[in-house]
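Enquirer: Structure file run.txt (compact mmCIF, C-alpha atoms and all ligand atoms) right here:
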```
# COMPACT_ATOMS: atom_id res chain seq x y z
CA MET A 1 9.27 19.41 -17.09
CA ASN A 2 8.47 16.42 -14.93
CA THR A 3 5.12 15.25 -16.26
CA VAL A 4 4.85 12.36 -18.68
CA SER A 5 1.86 12.43 -20.98
CA VAL A 6 0.84 9.39 -23.02
CA GLU A 7 -2.35 8.67 -24.96
CA ILE A 8 -3.89 5.50 -23.49
CA LEU A 9 -6.89 5.33 -25.79
CA GLU A 10 -8.56 7.84 -28.06
CA ASP A 11 -9.33 10.97 -25.99
CA LEU A 12 -7.82 9.49 -22.83
CA TYR A 13 -4.40 10.61 -21.59
CA TYR A 14 -2.14 9.45 -18.81
CA MET A 15 -0.52 12.45 -17.09
CA GLY A 16 1.77 11.26 -14.35
CA VAL A 17 4.59 12.76 -12.35
CA ASN A 18 7.49 10.94 -10.77
CA ASP A 19 8.52 11.95 -7.27
CA ARG A 20 12.08 10.97 -6.45
CA ASP A 21 12.55 13.91 -4.05
CA THR A 22 10.31 12.81 -1.20
CA ASN A 23 12.15 10.57 1.25
CA LEU A 24 9.15 9.34 3.20
CA PHE A 25 5.59 8.71 2.00
CA GLU A 26 3.13 10.16 4.52
CA ASN A 27 6.36 11.34 6.17
CA MET A 28 7.03 7.85 7.53
CA TRP A 29 7.35 5.13 4.85
CA PRO A 30 10.69 5.12 2.95
CA LEU A 31 10.68 5.79 -0.78
CA PRO A 32 14.09 4.64 -2.06
CA GLU A 33 12.57 3.94 -5.49
CA GLY A 34 10.38 7.07 -5.44
CA VAL A 35 6.68 7.08 -6.22
CA ALA A 36 4.46 8.15 -9.13
CA TYR A 37 1.30 10.24 -8.87
CA ASN A 38 -1.00 9.62 -11.82
CA SER A 39 -3.69 11.86 -13.19
CA TYR A 40 -5.84 11.21 -16.26
CA LEU A 41 -7.44 13.51 -18.80
CA ILE A 42 -10.49 12.75 -20.94
CA THR A 43 -11.00 14.98 -23.97
CA ASP A 44 -14.39 13.88 -25.23
CA GLU A 45 -17.25 16.28 -26.04
CA LYS A 46 -16.64 17.37 -22.46
CA THR A 47 -13.20 17.47 -20.89
CA ALA A 48 -12.55 15.88 -17.51
CA LEU A 49 -9.44 15.74 -15.33
CA LEU A 50 -9.44 12.71 -13.05
CA ASP A 51 -7.48 13.46 -9.86
CA THR A 52 -4.33 15.58 -9.78
CA VAL A 53 -0.83 15.24 -8.28
CA LYS A 54 1.10 16.37 -5.23
CA ILE A 55 1.46 20.15 -5.09
CA THR A 56 5.26 19.96 -5.22
CA LYS A 57 4.91 18.79 -8.83
CA VAL A 58 2.30 21.32 -9.93
CA ASP A 59 4.36 23.30 -12.47
CA GLY A 60 5.12 20.50 -14.91
CA PHE A 61 1.67 19.05 -14.38
CA LEU A 62 -0.09 22.27 -15.37
CA GLU A 63 2.11 22.68 -18.43
CA THR A 64 1.15 19.19 -19.62
CA LEU A 65 -2.51 19.79 -18.86
CA ARG A 66 -2.47 23.00 -20.92
CA ASN A 67 -0.73 21.22 -23.80
CA ASN A 68 -3.27 18.41 -23.82
CA LEU A 69 -6.29 20.69 -23.53
CA GLY A 70 -5.09 23.13 -26.17
CA GLU A 71 -7.66 25.90 -26.49
CA ARG A 72 -10.33 23.93 -24.67
CA ASP A 73 -11.64 24.72 -21.22
CA LEU A 74 -11.71 22.13 -18.45
CA ASP A 75 -15.30 21.07 -17.81
CA TYR A 76 -14.92 18.61 -14.93
CA LEU A 77 -12.49 17.77 -12.17
CA VAL A 78 -13.33 14.30 -10.88
CA VAL A 79 -12.19 13.67 -7.31
CA HIS A 80 -11.81 9.99 -6.46
CA HIS A 81 -9.72 10.50 -3.33
CA MET A 82 -8.81 13.48 -1.16
CA GLU A 83 -5.37 12.49 0.16
CA PRO A 84 -3.06 15.41 -0.72
CA ASP A 85 -0.82 13.32 -2.99
CA HIS A 86 -3.77 13.53 -5.41
CA SER A 87 -5.75 16.54 -4.27
CA GLY A 88 -2.81 18.91 -3.82
CA CYS A 89 -3.44 20.81 -7.07
CA PHE A 90 -7.23 21.22 -6.75
CA LYS A 91 -7.15 24.83 -5.66
CA THR A 92 -4.71 25.76 -8.43
CA ILE A 93 -6.85 23.98 -11.04
CA MET A 94 -9.96 25.80 -9.84
CA ASP A 95 -8.15 29.14 -9.98
CA ILE A 96 -6.93 28.53 -13.54
CA TYR A 97 -10.18 26.96 -14.78
CA PRO A 98 -12.87 28.87 -12.86
CA ASN A 99 -15.72 27.31 -14.86
CA VAL A 100 -14.75 23.77 -13.88
CA THR A 101 -17.34 21.63 -12.12
CA VAL A 102 -15.95 19.49 -9.32
CA VAL A 103 -17.40 15.98 -9.32
CA ALA A 104 -17.14 14.11 -6.03
CA ASN A 105 -19.17 12.48 -3.30
CA LYS A 106 -20.52 14.19 -0.20
CA LYS A 107 -17.66 13.11 2.04
CA ALA A 108 -15.04 14.45 -0.37
CA ARG A 109 -16.79 17.81 -0.49
CA ALA A 110 -16.69 18.10 3.30
CA MET A 111 -12.99 17.25 3.22
CA MET A 112 -12.28 20.01 0.68
CA ASN A 113 -13.60 22.48 3.17
CA ASP A 114 -11.82 20.85 6.11
CA PHE A 115 -8.45 20.50 4.39
CA PHE A 116 -8.27 23.46 2.05
CA GLY A 117 -10.91 25.83 3.39
CA PHE A 118 -12.79 26.26 0.14
CA GLU A 119 -16.08 25.37 -1.45
CA PRO A 120 -16.00 24.67 -5.20
CA LYS A 121 -18.01 27.26 -7.12
CA ASN A 122 -19.58 24.52 -9.25
CA PHE A 123 -20.09 21.16 -7.61
CA LEU A 124 -21.76 17.95 -8.78
CA GLU A 125 -22.35 15.48 -5.99
CA VAL A 126 -22.35 11.86 -7.10
CA LYS A 127 -23.57 8.80 -5.26
CA ASP A 128 -22.76 5.12 -5.71
CA GLY A 129 -23.97 4.07 -9.17
CA ASP A 130 -24.41 7.60 -10.56
CA THR A 131 -23.13 8.32 -14.06
CA LEU A 132 -21.53 11.27 -15.82
CA GLU A 133 -21.81 11.50 -19.60
CA LEU A 134 -18.87 13.13 -21.34
CA GLY A 135 -19.82 12.36 -24.96
CA LYS A 136 -18.87 8.92 -26.22
CA LYS A 137 -17.47 8.14 -22.79
CA THR A 138 -19.54 7.74 -19.64
CA LEU A 139 -18.24 7.40 -16.10
CA THR A 140 -20.07 5.32 -13.50
CA PHE A 141 -19.07 5.95 -9.89
CA VAL A 142 -18.58 3.22 -7.31
CA ASN A 143 -17.86 4.04 -3.66
CA THR A 144 -14.97 2.14 -2.06
CA PRO A 145 -15.00 3.51 1.51
CA MET A 146 -11.77 3.20 3.52
CA VAL A 147 -9.75 2.14 0.52
CA HIS A 148 -8.01 4.25 1.28
CA TRP A 149 -10.08 6.95 3.04
CA PRO A 150 -13.81 7.26 3.82
CA GLU A 151 -14.55 9.33 0.69
CA SER A 152 -12.63 7.04 -1.69
CA MET A 153 -14.43 6.00 -4.83
CA VAL A 154 -13.55 4.63 -8.25
CA SER A 155 -15.10 5.28 -11.63
CA TYR A 156 -15.69 2.95 -14.55
CA GLU A 157 -15.76 4.20 -18.13
CA THR A 158 -18.34 1.99 -19.77
CA SER A 159 -17.62 2.40 -23.51
CA GLU A 160 -13.95 1.35 -23.29
CA LYS A 161 -14.21 -0.61 -20.00
CA VAL A 162 -11.61 1.46 -18.19
CA LEU A 163 -11.43 1.49 -14.40
CA PHE A 164 -10.05 4.60 -12.70
CA SER A 165 -9.15 2.93 -9.44
CA GLN A 166 -7.45 5.69 -7.37
CA ASP A 167 -5.18 4.09 -4.70
CA ILE A 168 -6.43 0.55 -5.42
CA PHE A 169 -3.98 -1.41 -7.61
CA GLY A 170 -1.24 1.14 -6.90
CA GLY A 171 2.32 0.60 -5.77
CA PHE A 172 5.43 2.46 -4.65
CA GLY A 173 8.15 3.17 -7.19
CA ALA A 174 8.61 6.00 -9.65
CA LEU A 175 8.06 4.91 -13.23
CA ASN A 176 11.33 4.52 -15.06
CA GLY A 177 10.02 5.34 -18.50
CA THR A 178 7.37 2.64 -18.33
CA VAL A 179 3.73 3.69 -18.26
CA PHE A 180 2.02 0.37 -19.08
CA ASP A 181 2.21 -3.08 -17.50
CA ASP A 182 3.44 -4.59 -20.78
CA GLU A 183 6.45 -2.26 -20.71
CA MET A 184 7.77 -3.38 -17.32
CA ASN A 185 9.03 -6.44 -15.56
CA PHE A 186 6.55 -6.80 -12.68
CA GLU A 187 9.05 -8.89 -10.69
CA PHE A 188 11.19 -5.73 -10.48
CA PHE A 189 8.31 -3.80 -8.86
CA GLU A 190 6.61 -6.61 -6.97
CA ASP A 191 8.14 -5.88 -3.56
CA GLU A 192 7.31 -2.18 -3.89
CA PHE A 193 3.68 -2.98 -4.74
CA ARG A 194 3.28 -5.29 -1.75
CA ARG A 195 5.07 -2.79 0.51
CA TYR A 196 2.69 -0.05 -0.65
CA TYR A 197 -0.34 -2.23 -0.01
CA SER A 198 0.75 -3.53 3.40
CA ASN A 199 1.97 -0.14 4.63
CA ILE A 200 -0.79 2.10 3.31
CA VAL A 201 -3.91 0.00 2.80
CA GLY A 202 -3.16 -3.06 4.98
CA LYS A 203 -5.20 -1.90 7.98
CA TYR A 204 -8.27 -1.65 5.76
CA SER A 205 -7.96 -5.09 4.21
CA LYS A 206 -11.50 -6.08 5.11
CA GLN A 207 -12.82 -3.03 3.27
CA ALA A 208 -10.32 -3.64 0.45
CA ALA A 209 -11.61 -7.21 0.00
CA ARG A 210 -15.15 -5.80 -0.16
CA ALA A 211 -14.12 -3.14 -2.71
CA LEU A 212 -12.37 -5.77 -4.81
CA GLU A 213 -15.54 -7.84 -4.94
CA LYS A 214 -17.37 -4.81 -6.34
CA VAL A 215 -14.60 -4.14 -8.85
CA LYS A 216 -14.30 -7.79 -9.91
CA ALA A 217 -17.91 -7.71 -11.05
CA LEU A 218 -16.95 -5.24 -13.79
CA ASP A 219 -15.65 -6.22 -17.21
CA ILE A 220 -12.28 -4.45 -17.06
CA LYS A 221 -10.00 -3.91 -20.05
CA VAL A 222 -7.73 -1.21 -18.60
CA ILE A 223 -6.95 -0.16 -15.02
CA CYS A 224 -5.75 3.39 -14.40
CA PRO A 225 -4.59 3.74 -10.79
CA VAL A 226 -3.14 6.89 -9.18
CA HIS A 227 0.18 5.17 -8.35
CA GLY A 228 2.15 2.67 -10.42
CA VAL A 229 1.53 1.67 -14.03
CA VAL A 230 -1.54 1.55 -16.24
CA TRP A 231 -2.66 -2.06 -16.63
CA ARG A 232 -3.77 -2.58 -20.25
CA LYS A 233 -2.33 -5.98 -21.19
CA ASN A 234 -3.04 -8.06 -18.12
CA PRO A 235 -5.19 -6.16 -15.58
CA GLN A 236 -6.12 -9.51 -14.04
CA ARG A 237 -2.52 -9.81 -12.81
CA ILE A 238 -2.81 -6.86 -10.43
CA ILE A 239 -6.39 -7.78 -9.48
CA ASP A 240 -5.13 -11.23 -8.43
CA GLU A 241 -2.22 -9.71 -6.49
CA TYR A 242 -4.54 -7.33 -4.65
CA VAL A 243 -7.04 -10.08 -3.82
CA LYS A 244 -4.10 -12.00 -2.31
CA TYR A 245 -2.90 -8.96 -0.35
CA ALA A 246 -6.37 -8.06 0.92
CA ASN A 247 -7.04 -11.57 2.16
CA GLN A 248 -3.52 -11.93 3.57
CA VAL A 249 -2.92 -15.04 1.53
CA ASN A 250 0.73 -15.75 2.29
CA GLU A 251 3.29 -18.33 1.28
CA GLU A 252 5.76 -20.78 2.80
CA GLY A 253 8.50 -18.92 4.60
CA VAL A 254 9.45 -17.35 7.93
CA VAL A 255 10.30 -13.79 8.91
CA ILE A 256 12.40 -13.47 12.06
CA ALA A 257 12.57 -9.95 13.49
CA TYR A 258 14.68 -9.33 16.54
CA GLY A 259 15.67 -6.47 18.82
CA THR A 260 19.09 -6.74 20.42
CA MET A 261 21.45 -4.49 22.38
CA TYR A 262 24.64 -6.52 22.70
CA GLY A 263 23.99 -9.53 20.50
CA ASN A 264 22.48 -12.22 22.72
CA THR A 265 19.06 -12.02 21.07
CA GLU A 266 20.71 -11.77 17.67
CA LYS A 267 22.57 -15.04 18.32
CA MET A 268 19.24 -16.67 19.14
CA ALA A 269 17.75 -15.34 15.88
CA ASP A 270 20.63 -16.73 13.84
CA GLN A 271 20.46 -20.11 15.57
CA LEU A 272 16.72 -20.24 15.02
CA ALA A 273 17.11 -19.32 11.33
CA ARG A 274 19.61 -22.15 10.91
CA PHE A 275 17.27 -24.68 12.53
CA ILE A 276 14.36 -23.52 10.36
CA ALA A 277 16.52 -23.90 7.25
CA GLU A 278 17.42 -27.41 8.43
CA GLU A 279 13.70 -28.13 8.58
CA GLY A 280 13.55 -27.47 4.84
CA ILE A 281 12.11 -23.96 4.77
CA LYS A 282 13.87 -22.12 1.97
CA ASN A 283 12.46 -18.63 2.52
CA VAL A 284 13.81 -17.37 5.83
CA ARG A 285 14.30 -13.61 6.28
CA VAL A 286 16.05 -12.24 9.38
CA PHE A 287 15.77 -8.56 10.33
CA ASP A 288 17.33 -6.43 13.06
CA VAL A 289 14.52 -4.06 14.05
CA SER A 290 17.05 -1.35 14.94
CA LYS A 291 18.35 -1.38 11.40
CA THR A 292 15.54 -2.29 9.02
CA ASN A 293 12.61 0.10 8.80
CA VAL A 294 9.30 -1.42 9.93
CA SER A 295 7.95 -0.71 6.44
CA TYR A 296 10.04 -3.55 4.98
CA ILE A 297 9.48 -5.99 7.85
CA LEU A 298 5.73 -5.47 7.60
CA SER A 299 5.84 -6.08 3.86
CA GLU A 300 7.89 -9.29 4.21
CA ALA A 301 5.61 -10.48 7.00
CA TRP A 302 2.66 -9.88 4.66
CA LYS A 303 4.31 -12.24 2.21
CA TYR A 304 5.27 -15.16 4.44
CA LYS A 305 3.16 -17.27 6.76
CA GLY A 306 5.70 -17.63 9.56
CA LEU A 307 6.58 -14.78 11.89
CA ILE A 308 8.97 -15.05 14.82
CA LEU A 309 9.62 -12.08 17.07
CA GLY A 310 12.56 -11.89 19.47
CA SER A 311 13.43 -9.15 21.91
CA CYS A 312 15.88 -8.38 24.61
CA THR A 313 14.46 -6.87 27.78
CA TYR A 314 14.96 -3.13 28.09
CA ASN A 315 13.91 -1.24 31.23
CA ASN A 316 11.83 -4.28 32.27
CA ASP A 317 9.93 -4.15 29.00
CA VAL A 318 10.17 -5.09 25.35
CA TYR A 319 12.93 -3.36 23.34
CA PRO A 320 11.58 0.02 22.10
CA THR A 321 12.24 -0.57 18.40
CA MET A 322 10.51 -3.96 18.68
CA ASN A 323 7.63 -2.15 20.36
CA GLN A 324 7.30 0.03 17.28
CA LEU A 325 7.11 -3.07 15.11
CA LEU A 326 4.46 -4.64 17.35
CA TYR A 327 2.45 -1.43 17.15
CA THR A 328 2.73 -1.41 13.36
CA PHE A 329 1.62 -5.04 13.12
CA GLU A 330 -1.34 -4.42 15.43
CA MET A 331 -2.36 -1.32 13.52
CA ASN A 332 -2.39 -3.30 10.29
CA LYS A 333 -4.47 -6.15 11.72
CA MET A 334 -2.25 -9.08 10.85
CA LYS A 335 -3.91 -12.44 10.39
CA ASN A 336 -3.28 -15.87 8.95
CA HIS A 337 0.18 -16.19 10.51
CA ALA A 338 2.00 -18.77 12.56
CA LEU A 339 3.71 -16.82 15.33
CA GLY A 340 6.67 -17.71 17.54
CA ILE A 341 8.33 -15.61 20.25
CA PHE A 342 11.69 -15.62 22.00
CA GLY A 343 13.81 -13.23 24.00
CA SER A 344 16.55 -12.61 26.50
CA HIS A 345 17.03 -10.71 29.72
CA GLY A 346 19.86 -9.85 32.12
CA TRP A 347 18.22 -9.99 35.55
CA SER A 348 14.42 -9.52 35.58
CA GLY A 349 12.43 -10.17 32.40
CA GLY A 350 9.84 -8.05 30.63
CA ALA A 351 10.20 -8.53 26.88
CA ILE A 352 8.49 -11.93 26.81
CA LYS A 353 5.56 -10.59 28.79
CA GLU A 354 4.83 -7.97 26.11
CA LEU A 355 5.49 -10.38 23.24
CA THR A 356 3.04 -12.82 24.87
CA ARG A 357 0.44 -10.09 25.14
CA PHE A 358 0.96 -9.31 21.46
CA ALA A 359 0.64 -12.99 20.57
CA SER A 360 -2.77 -13.19 22.23
CA GLU A 361 -4.15 -9.73 21.38
CA GLY A 362 -2.13 -8.33 18.48
CA GLY A 363 -3.70 -10.24 15.61
CA ASP A 364 -5.23 -13.48 14.46
CA PHE A 365 -2.28 -15.83 15.05
CA GLN A 366 -1.57 -19.52 15.43
CA VAL A 367 0.84 -19.21 18.35
CA MET A 368 3.70 -21.71 18.68
CA PRO A 369 3.68 -23.46 22.09
CA THR A 370 7.44 -23.21 22.68
CA VAL A 371 8.56 -19.84 24.02
CA VAL A 372 12.28 -19.38 24.55
CA ASP A 373 13.38 -16.89 27.21
CA VAL A 374 17.11 -16.83 27.91
CA LYS A 375 18.89 -15.31 30.89
CA GLY A 376 22.11 -13.82 29.59
CA THR A 377 23.40 -15.95 26.79
CA MET A 378 22.19 -19.27 25.37
CA GLU A 379 23.06 -22.58 26.98
CA ASP A 380 22.54 -26.08 25.60
CA ASN A 381 18.97 -26.41 26.87
CA ASP A 382 18.07 -23.04 25.29
CA ILE A 383 19.50 -24.20 21.99
CA GLU A 384 17.34 -27.30 22.16
CA SER A 385 14.30 -25.13 22.86
CA LEU A 386 15.08 -23.05 19.79
CA ARG A 387 15.32 -26.25 17.76
CA GLN A 388 11.87 -27.21 19.04
CA LEU A 389 10.46 -23.77 18.14
CA ALA A 390 11.98 -24.11 14.66
CA LYS A 391 10.30 -27.51 14.20
CA GLU A 392 6.94 -26.11 15.29
CA ILE A 393 7.04 -23.10 12.97
CA ALA A 394 8.30 -25.15 10.03
CA GLU A 395 5.46 -27.59 10.50
CA ALA A 396 2.96 -24.72 10.67
CA VAL A 397 4.12 -22.94 7.52
CA LYS A 398 4.85 -25.87 5.22
CA GLU A 399 2.59 -25.96 2.21
CA ALA A 400 1.02 -29.27 1.40
FE1 LIG A 501 -2.24 7.89 -2.85
FE2 LIG A 501 -4.41 7.50 -0.20
O1 LIG A 501 -3.39 8.45 -1.46
```
Show me the file's structure as structure tokens.

Expert:
Amino acid sequence: MNTVSVEILEDLYYMGVNDRDTNLFENMWPLPEGVAYNSYLITDEKTALLDTVKITKVDGFLETLRNNLGERDLDYLVVHHMEPDHSGCFKTIMDIYPNVTVVANKKARAMMNDFFGFEPKNFLEVKDGDTLELGKKTLTFVNTPMVHWPESMVSYETSEKVLFSQDIFGGFGALNGTVFDDEMNFEFFEDEFRRYYSNIVGKYSKQAARALEKVKALDIKVICPVHGVVWRKNPQRIIDEYVKYANQVNEEGVVIAYGTMYGNTEKMADQLARFIAEEGIKNVRVFDVSKTNVSYILSEAWKYKGLILGSCTYNNDVYPTMNQLLYTFEMNKMKNHALGIFGSHGWSGGAIKELTRFASEGGDFQVMPTVVDVKGTMEDNDIESLRQLAKEIAEAVKEA
């Protein structure tokens, strides 16, 4: 059995599964620490299941659901979000509990048909602000479009002040026995939370900031997201982190990402990193884009204010793996960064041209005036130019 079941409050259960089998989230983002899919069960006068889990984990999930329900029927299935990591078990639930009423908004209903080809037999459409009374507990629904999908919504249980936040306030990482925030060391998970946000939600940061404003207006005692832990001791901690992520509030430091074939661009990156360190910047992270997955570079870039991109020229263009990184940055609408560029070429250039285009069109950047483009390998004047670029970026990222 894979599912962990824990009583959060009276008549409210956490029912989560850990997924350490899947290598790539959405078949592209690495999951070395796994991921958790969380579902919640309310057993008030009415019973309600809030979201489900990925279909690959259905067996243990159903066993836990049956144990928690006992002889009772399932009255409601509340659908906050239709991405299959949460909606995968809907059809199975409806087959096993044919009397269940599906509670969702109009967009989610259309998606059920589009994705799974079925219409729920019993359906309750809810709009922003609608409520669902379950007995002592009442859910109020709040739409949070594009965080993470158009149909996404959260619900707020008014009697106990519990927010069921779907993807919002989630993070990567399977839960290692911990279910609540007070049972874990957040520093251990921090990178995986930021990586989840920047990779999965980052593009929709404007909408996320808007959703967070709505959520912040609520008096929240407990946050129950569909990934990561339940926040019962210090929900403000994850709210503050998410407000920072959504507004791309970053800190002093520089990420250097480079693409290199035979080491000339790598040498430039190392020289640059040294000069930046000499300028007093203590957080300098250097990544080879052929080795480190874009997922991690994006996450580190989300953290630090400085970003320097270097590329060798390849077929008169930017290096292909650097191109993938540029695409990822553009897709995620980077802003609030100081940006520097450098590169190398053997005969005709090309990399700098594309990096320059990215600097002007790829995001909201403060672009460093010094651009270093080396033919072959560095000479003394190139080294001095790198020193100048290091001074410029250090000046731009230093916190007062
Ligand atoms: Fe965890 Fe957008 O699904």

Enquirer: At what distance in Å, to one decimal, does CA of Arg72 (chain A) lie from CA of Asp167 (chain A)?

Expert: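 Separation of CA of Asp167 (chain A) and CA of Arg72 (chain A): 28.6 Å.
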
Enquirer: Find the distance between CA of Ser290 (chain A) and CA of Ile341 (chain A) and write it in Å to one decimal.

Expert: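 Interatomic distance, CA of Ser290 (chain A) to CA of Ile341 (chain A): 17.5 Å.
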
Enquirer: Neighbours of Val374 (chain A) within 10 Å (all atoms listed in the file; same-chain residues fewer than 5 positions away dropped), as an NGL selection string?

Expert: :A and (264-265 or 268 or 312 or 342-346 or 349 or 352 or 379 or 381-383)

Enquirer: Using all atoms listed in the file, which protein or nucleic acid residues come within 6 Å of region 96-101 of chain A? Drop anything in the same chain fewer than 3 positions from it, and give the result as number ranges by chain.

Expert: A: 74-76, 93, 122-123

Enquirer: For ligand LIG 501 (chain A), collect every residue having any atom at a distance of at most 6 Å from a ligand atom (counting all atoms listed in the file); output as a list in words.

Expert: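 For ligand LIG 501 (chain A), the residues inside 6 Å are Glu83, Asp85, His148 and Asp167 of chain A.
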
Enquirer: Please, what distance in Å, to one decimal, runs between CA of Lys233 (chain A) and CA of Glu7 (chain A)?

Expert: 15.1 Å

Enquirer: How close does each residue of region 135-201 of chain A get to region 319-334 of chain A, giving the shortest atom pair and distance in Å to one decimal for every residue with an atom at most 9 Å away, counting all atoms listed in the file, sorted by chain and residue number, as a Markdown table?

Expert:
```
| residue | atom | partner | partner_atom | distance |
| --- | --- | --- | --- | --- |
| A:Ser198 | CA | A:Asn332 | CA | 7.6 |
| A:Asn199 | CA | A:Asn332 | CA | 7.8 |
| A:Ile200 | CA | A:Asn332 | CA | 9.0 |
| A:Val201 | CA | A:Asn332 | CA | 8.3 |
```

Enquirer: Hey, which of A:Cys224, A:Ala390, A:Cys89, A:Val397 ends up closest to Lys305 (chain A)? Count all atoms listed in the file.

Expert: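 Residue with the minimum atom-to-atom distance to Lys305 (chain A): A:Val397.
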
Enquirer: Could you check which of A:Tyr296, A:Phe193, A:Phe275, A:Trp347 is closest to Phe169 (chain A), using only C-alpha atoms?

Expert: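 Ranked by minimum distance to Phe169 (chain A), first place goes to A:Phe193.
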
Enquirer: From the list A:Met28, A:Leu212, A:Val179, A:Glu151, which residue is nearest Val6 (chain A) when using all atoms listed in the file?

Expert: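 Of all the options, A:Val179 lies closest to Val6 (chain A).
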
Enquirer: Rank A:Phe287, A:Phe172, A:Tyr258, A:Tyr13 by their smallest atom-to-atom distance to Leu31 (chain A), using only C-alpha atoms, and report the top residue only.

Expert: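 Nearest to Leu31 (chain A): A:Phe172.
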
Enquirer: Using all atoms listed in the file, which residues sit within 10 Å of Ala246 (chain A) once same-chain residues fewer than 2 positions away are excluded, as a ChimeraX atom specification?

Expert: /A:197-198,201-212,240-244,248-249,302

Enquirer: Within 10 Å of region 52-69 of chain A, counting all atoms listed in the file, which residues show up once you throw out same-chain ones fewer than 2 positions away? Write them as a PyMOL selection string, please.

Expert: chain A and resi 1-7+11+13+15-19+21-22+36-43+47-50+71-74+77-93+96+226

Enquirer: Which residue out of A:Ile297, A:Leu218, A:Val284, A:Leu339 has the minimum interatomic distance to Val367 (chain A) when only C-alpha atoms are used?

Expert: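 Of the candidates, the smallest distance to Val367 (chain A) is held by A:Leu339.
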
Enquirer: From the list A:Val229, A:Met153, A:Val318, A:Val254, which residue is nearest Ala108 (chain A) when using all atoms listed in the file?

Expert: A:Met153

Enquirer: May I have the protein, DNA and RNA residues with an atom at most 10 Å from (14.5, -19.2, 2.7), counting only C-alpha atoms in the file's coordinates, returned as number ranges by chain?

Expert: A: 252-255, 273, 276-277, 280-286
